[in-house]
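Right, one structure below, let's go through it.
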Amino acid sequence: MASLQLIRESSEAVERQSQSPRSPEAKLGMKVEDLWDVQEPQLSPSEKLNACFENIPVSAFPASSSRVIEIKSDTTLAEAVKILGENKILSAPVVNVDAPEDASWMDRYIGIVEVAGIVVWILQQSEPPSPRSANSGTSAALAVNGLTNAAGVGILGPEDAQATSGDFFEDLTSSEYYKNTKVRDISGSFRWAPFLALQKSNSFLTMLLLLSKYKMKSIPIVDLGDGKIDNIITQSAVIHMLNECAGLHWFESWGAKTVSELGLPLVSRDQIIKVYEDEPVLQAFKLMRKLRIGGVPVMGGDGKKPIGNISLRDVQFLLNAPEIYHEFRSITAKNFLLAVRSYLKDHEEDTPIVSGMITCKGSDNIKDLIMKLDTKQIHRLYVVDDSGNLEGVITLRDVISRLVHEPRGYFGDFFDGVLPLPANSRV
């Protein structure tokens with residue numbers, strides 16, 4: 001029997017070595033597999049995964065096929081939004097053009113600029129007209145009269161959707177604020193000073209915990225030698241890596257668990273932040289910016305079934321394609337979805353907002369969930385019941401959080417140097 005077992009293990013090893021990994025991410029999965037095989041047998045599967053990822057440096061994570069996109073501090077807001085849109089990213093590190101050539105990374109970068117942050121900043125800075133002069137000023141100024149608190153927690157009503165009708169966003173994007181303000185001028189709205197980064201020697205476990213428990217959507221990896229960003233690891237990149245690990249023992253063992261078995265969704269039906277189809281679309285972006293979430297479902301008239309999803313990446317359509325709203329008397333969440341879907345179909349672009357709601361059920365396994373998230377290039381899946389009623393939401397962060405756990409005292413004083421932070425900021 002022992003001899004038979006040895007032959008089987010040897011055969012499996014030969015087969016595994018003969019199968020060339022499909023990608024750099026799959027090679028990384030093989031490293032985890034090798035480490036998994038030598039872990040102490042008394043460790044639980046969760047402890048084994050923690051130990052494996054602790055022994056892999058973040059430098060092993062495959063670099064993006066494209067270069068790291070950086071934005072110079074003297075770039076205008078209009079140019080910055082164009083750069084982010086063309087590269088299909090939500091944010092980018094800002095390089096201080098006044099920093100010396102030999103500056104450390106802390107002096108070289110002034111922070112990370114976000115599309116949503118630019119929109120909110122413009123609305124906050126615009127001068128509203130006098131309340132006694134309701135008919136004066138441009139359509140943009142009139143709209144801003146009710147929207148300068150866009151970063152607050154108040155609720156926008158139907159009148160706000162009407163205020164942003166017609167040429168509102170065209171007026172906004174042609175304003176002096178938008179055309180002349182430099183990215184460095186809004187650095188006070190950045191979340192980090194300059195930002196939280198990891199060195200190449202930091203562990204995979206550290207990176208996974210920051211992307212999950214500590215709610216970071218991306219992590220720059222800096223090269224201390226040249227003071228520059230060497231790589232940026234995102235939640236989406238980690239999910240893609242996991243999808244490439246299909247077929248490996250450690251992943252198949254974990255991925256066979258159902259959504260419910262892993263305690264998902266973490267956010268239940270009553271806790272989901274949502275907007276309704278007749279609410280102004282700015283309400284959706286306002287909630288995402290304020291509550292640090294990446295998307296919200298748009299609920300239909302019955303309040304039970306979602307008709308679509310608006311994500312943070314969709315804010316680009318308010319600035320990059322304002323002409324698509326000409327025919328709408330008000331830009332409600334529903335009208336926004338209709339306008340953007342029509343625009344993208346005309347331009348033959350296939351994005352999540354075109355394909356509509358992508359859902360799952362509590363009985364689905366985590367492997368299938370990861371495949372959906374990766375192949376559809378989305379950041380969340382909505383959990384529905386058999387009737388299509390919304391039951392919960394599962395994000396990239398939620399999936400990663402079920403892969404590893406934080407050992408007691410793991411970070412120590414790791415966050416002490418992340419100062420100063422803007423008020424109400426969270427890691």
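Just remember, in the structure tokens the first chain shown is A, the second B, etc., residues are 1-based per chain, and ligands are 1-based in the order shown.
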
Exercise. With a distance cut-off of 6 Å and only C-alpha atoms, select the neighbouring residues of Ser203 of chain A, excluding the residue or stretch itself and same-chain residues fewer than 2 positions from it, and output the selection as a list in words.
Key: Glu54, Ile56, Pro57, Val58, Leu205 and Thr206 of chain A

Practice problem: One decimal, Å: what's the distance from atom CA of Asp230 of chain A over to atom CA of Phe415 of chain A, could you say? | Solution: 21.1 Å

Quiz item: Closest to Ile89 of chain A among A:Gln42, A:Leu77, A:Asp314, A:Asp226, using only C-alpha atoms?
Solution: A:Asp314

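Among the candidates A:Met241, A:Ala321, A:Ile273, A:Val315, the residue lying nearest to Ala63 of chain A is A:Met241 (atoms considered: only C-alpha atoms).
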